[in-house]
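One structure below.
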Amino acid sequence: MGILFTRIWRLFNHQEHKVIIVGLDNAGKTTILYQLGYLDTYSVLSEGHEDAGSPMSRWYSVFVIVVVDSTDRERISVTKEELYKMLAHEDLKKAGLLIFANKQDVKDCMTVAEISQFLKLTSVKDHQWHIQACCALTGEGLCQGLEWMMSRLKIR
Ligand SMILES: Nc1nc2c(ncn2[C@@H]2O[C@H](COP(=O)(O)OP(=O)(O)OP(=O)(O)O)[C@@H](O)[C@H]2O)c(=O)[nH]1
Ligand SMILES: [Mg+2]
């Protein structure tokens, strides 16, 4: 599984697509990047902003991955607020949006449907988006999320 992730990821790198991974603390970002074999570049990927010398426009397409802790009902509203702020940002106008509903292994966590509803994803019309259930601990679902990103590349 790890190898497959790495291969998909390399393809992204090769084509110079920008992927930003964001999420509240404890959501599972580091665990996901570890599963993807990208722990060493974590600090670069997680910053979510560009240095002056390399504007976003240099990349062919941009994806934002939002990692949601599906067990954290209290802070889903904070995620929502941040999500819409981000989507309104000039540099992310054309960004594809992948939401990982992480920690699906935990009993009584929010389902994908619940998270979609909380985040009002159906109202997002100006970005292509996809929500994917996952468990970063085992890697389950991560591949499907990346596959969605790949499928978007073809039609962009
Ligand atoms: N049960 C469960 N625990 C998870 C999962 N993913 C991550 N965790 C745990 O959640 C905690 C936080 O994970 P991190 O990957 O460090 O989260 P982060 O988003 O990088 O957090 P910050 O670095 O604080 O922003 C760790 O104890 C992980 O082991 C998951 O899918 N299921
Ligand atoms: Mg972390």
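Labeling convention for the structure tokens: chains A, B, ... as they appear, residues from 1 per chain, ligands from 1 in order of appearance.
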Closest contacts (chain A/ligand 1, max 9 Å, only C-alpha atoms and all ligand atoms) as a Markdown table:
| residue | atom | partner | partner_atom_place_in_ligand_line | distance |
| --- | --- | --- | --- | --- |
| A:Val22 | CA | ligand 1 | 19 (O) | 7.9 |
| A:Gly23 | CA | ligand 1 | 19 (O) | 6.1 |
| A:Leu24 | CA | ligand 1 | 25 (O) | 5.8 |
| A:Asp25 | CA | ligand 1 | 25 (O) | 3.2 |
| A:Asn26 | CA | ligand 1 | 21 (O) | 3.4 |
| A:Ala27 | CA | ligand 1 | 19 (O) | 3.9 |
| A:Gly28 | CA | ligand 1 | 15 (O) | 3.3 |
| A:Lys29 | CA | ligand 1 | 19 (O) | 3.7 |
| A:Thr30 | CA | ligand 1 | 20 (O) | 3.7 |
| A:Thr31 | CA | ligand 1 | 15 (O) | 3.7 |
| A:Ile32 | CA | ligand 1 | 15 (O) | 6.4 |
| A:Leu33 | CA | ligand 1 | 15 (O) | 8.0 |
| A:Tyr34 | CA | ligand 1 | 15 (O) | 8.2 |
| A:Ser46 | CA | ligand 1 | 25 (O) | 8.9 |
| A:Val67 | CA | ligand 1 | 19 (O) | 7.3 |
| A:Val68 | CA | ligand 1 | 19 (O) | 8.5 |
| A:Asp69 | CA | ligand 1 | 6 (N) | 7.8 |
| A:Ser70 | CA | ligand 1 | 31 (O) | 8.9 |
| A:Thr71 | CA | ligand 1 | 1 (N) | 8.9 |
| A:Ala101 | CA | ligand 1 | 31 (O) | 8.8 |
| A:Asn102 | CA | ligand 1 | 31 (O) | 5.1 |
| A:Lys103 | CA | ligand 1 | 31 (O) | 3.3 |
| A:Gln104 | CA | ligand 1 | 31 (O) | 6.1 |
| A:Asp105 | CA | ligand 1 | 32 (N) | 5.7 |
| A:Val106 | CA | ligand 1 | 1 (N) | 5.5 |
| A:Cys134 | CA | ligand 1 | 31 (O) | 6.4 |
| A:Cys135 | CA | ligand 1 | 31 (O) | 3.4 |
| A:Ala136 | CA | ligand 1 | 31 (O) | 3.9 |
| A:Leu137 | CA | ligand 1 | 31 (O) | 4.6 |
| A:Thr138 | CA | ligand 1 | 31 (O) | 7.0 |
| A:Gly139 | CA | ligand 1 | 31 (O) | 7.7 |
| A:Glu140 | CA | ligand 1 | 31 (O) | 8.3 |
Those residues with C-alpha atoms, as a PDB file, in the first residue's frame please?
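The resulting file, result.pdb, is reproduced below:
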ATOM      1  CA  VAL A  22      -4.383  21.325   6.201  1.00  0.00           C
ATOM      2  CA  GLY A  23      -6.497  20.483   9.212  1.00  0.00           C
ATOM      3  CA  LEU A  24      -6.856  21.295  12.881  1.00  0.00           C
ATOM      4  CA  ASP A  25      -4.298  19.982  15.322  1.00  0.00           C
ATOM      5  CA  ASN A  26      -4.691  16.299  16.097  1.00  0.00           C
ATOM      6  CA  ALA A  27      -6.689  15.682  12.894  1.00  0.00           C
ATOM      7  CA  GLY A  28      -4.173  13.176  11.538  1.00  0.00           C
ATOM      8  CA  LYS A  29      -2.141  15.179   9.006  1.00  0.00           C
ATOM      9  CA  THR A  30       1.235  13.848  10.108  1.00  0.00           C
ATOM     10  CA  THR A  31      -0.077  10.291  10.215  1.00  0.00           C
ATOM     11  CA  ILE A  32      -1.412  10.613   6.670  1.00  0.00           C
ATOM     12  CA  LEU A  33       1.861  12.029   5.386  1.00  0.00           C
ATOM     13  CA  TYR A  34       3.712   9.252   7.140  1.00  0.00           C
ATOM     14  CA  SER A  46       1.875  21.680   5.967  1.00  0.00           C
ATOM     15  CA  VAL A  67      -8.053  16.413   7.154  1.00  0.00           C
ATOM     16  CA  VAL A  68     -10.992  16.209   9.544  1.00  0.00           C
ATOM     17  CA  ASP A  69     -10.912  14.380  12.854  1.00  0.00           C
ATOM     18  CA  SER A  70     -14.256  12.601  12.593  1.00  0.00           C
ATOM     19  CA  THR A  71     -14.357  12.165  16.365  1.00  0.00           C
ATOM     20  CA  ALA A 101     -12.893  12.168   7.084  1.00  0.00           C
ATOM     21  CA  ASN A 102     -10.218  10.592   9.230  1.00  0.00           C
ATOM     22  CA  LYS A 103     -10.384   8.264  12.263  1.00  0.00           C
ATOM     23  CA  GLN A 104     -13.292   6.268  10.852  1.00  0.00           C
ATOM     24  CA  ASP A 105     -12.092   3.354  12.978  1.00  0.00           C
ATOM     25  CA  VAL A 106     -13.302   5.081  16.134  1.00  0.00           C
ATOM     26  CA  CYS A 134     -10.307   7.093   5.918  1.00  0.00           C
ATOM     27  CA  CYS A 135      -8.259   5.710   8.743  1.00  0.00           C
ATOM     28  CA  ALA A 136      -4.764   7.143   8.655  1.00  0.00           C
ATOM     29  CA  LEU A 137      -3.532   4.573  11.162  1.00  0.00           C
ATOM     30  CA  THR A 138      -4.090   1.720   8.711  1.00  0.00           C
ATOM     31  CA  GLY A 139      -4.041   3.773   5.514  1.00  0.00           C
ATOM     32  CA  GLU A 140      -7.537   2.674   4.589  1.00  0.00           C
TER      33      GLU A 140
END
Quiz prompt | Residue neighbourhood region 80-82 of chain A, 12 Å, only C-alpha atoms, exclusion window fewer than 2 positions, as a PyMOL selection string | solution = chain A and resi 22-24+66-68+73-78+84-89+99+115-121+124
Save out the residues we just selected, C-alpha atoms, as a CSV table (one decimal), in the first residue's frame.
chain,number,residue,atom,x,y,z
A,22,VAL,CA,-4.4,21.3,6.2
A,23,GLY,CA,-6.5,20.5,9.2
A,24,LEU,CA,-6.9,21.3,12.9
A,66,VAL,CA,-8.5,19.0,4.5
A,67,VAL,CA,-8.1,16.4,7.2
A,68,VAL,CA,-11.0,16.2,9.5
A,73,ARG,CA,-17.7,17.1,16.9
A,74,GLU,CA,-16.9,20.2,19.0
A,75,ARG,CA,-14.5,21.7,16.5
A,76,ILE,CA,-16.1,20.8,13.2
A,77,SER,CA,-17.5,24.3,13.1
A,78,VAL,CA,-14.0,25.7,13.3
A,84,TYR,CA,-14.6,28.7,3.5
A,85,LYS,CA,-12.0,31.3,4.3
A,86,MET,CA,-9.5,29.2,2.4
A,87,LEU,CA,-11.7,28.5,-0.6
A,88,ALA,CA,-12.3,32.3,-0.9
A,89,HIS,CA,-8.5,32.9,-1.2
A,99,ILE,CA,-11.7,16.1,2.4
A,115,ILE,CA,-19.4,15.8,8.0
A,116,SER,CA,-20.7,16.7,4.5
A,117,GLN,CA,-23.7,18.2,6.1
A,118,PHE,CA,-21.9,20.1,8.8
A,119,LEU,CA,-19.5,21.5,6.2
A,120,LYS,CA,-22.3,22.2,3.8
A,121,LEU,CA,-20.3,20.7,1.0
A,124,VAL,CA,-19.6,24.4,-2.7
Self-check item: Coordinates-based distance that separates CA of Gln132 (chain A) from CA of Gln144 (chain A) (Å, one decimal)
Solution: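 These two atoms are separated by 7.4 Å.
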Quiz item: At what distance in Å, to one decimal, does CA of Lys125 (chain A) lie from CA of His17 (chain A)?
Solution: 21.7 Å
Practice problem: Determine, counting only C-alpha atoms, which protein, DNA and RNA residues have an atom within 9 Å of an atom of Ile65 (chain A); residues of the same chain fewer than 6 positions away are not included. Present the result as a ChimeraX atom specification. | Solution: /A:19-23,96-100
How would the residues just chosen look if you wrote them out with C-alpha atoms as a compact mmCIF listing (two decimals), in the first residue's frame?
# COMPACT_ATOMS: atom_id res chain seq x y z
CA VAL A 19 -1.00 19.71 -2.88
CA ILE A 20 -1.59 21.45 0.41
CA ILE A 21 -2.57 19.47 3.47
CA VAL A 22 -4.38 21.33 6.20
CA GLY A 23 -6.50 20.48 9.21
CA GLY A 96 -9.70 20.98 -6.08
CA LEU A 97 -10.81 20.05 -2.59
CA LEU A 98 -10.32 16.64 -1.04
CA ILE A 99 -11.66 16.09 2.44
CA PHE A 100 -10.39 13.15 4.42
Members of region 65-126 of chain A assigned alpha helix (DSSP H) by DSSP, as a short mmCIF file (atom, residue, chain, number, x, y, z; two decimals) with C-alpha atoms, in the first residue's frame:
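The result, stored in part15.cif:
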data_model
loop_
_atom_site.label_atom_id
_atom_site.label_comp_id
_atom_site.auth_asym_id
_atom_site.auth_seq_id
_atom_site.Cartn_x
_atom_site.Cartn_y
_atom_site.Cartn_z
CA ILE A 76 -16.12 20.77 13.16
CA SER A 77 -17.51 24.33 13.09
CA VAL A 78 -13.97 25.69 13.32
CA THR A 79 -12.97 23.51 10.38
CA LYS A 80 -15.96 24.80 8.44
CA GLU A 81 -15.04 28.41 9.10
CA GLU A 82 -11.44 27.86 8.03
CA LEU A 83 -12.49 25.86 4.98
CA TYR A 84 -14.61 28.65 3.54
CA LYS A 85 -11.97 31.27 4.29
CA MET A 86 -9.48 29.16 2.43
CA LEU A 87 -11.72 28.51 -0.57
CA VAL A 112 -19.03 11.08 5.85
CA ALA A 113 -22.67 12.12 5.43
CA GLU A 114 -22.67 13.97 8.75
CA ILE A 115 -19.42 15.77 8.00
CA SER A 116 -20.65 16.72 4.52
CA GLN A 117 -23.75 18.18 6.08
CA PHE A 118 -21.86 20.05 8.80
CA LEU A 119 -19.47 21.51 6.24
#
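Computed from the coordinates, the CA of Arg152 (chain A) to CA of Glu90 (chain A) distance equals 20.4 Å.
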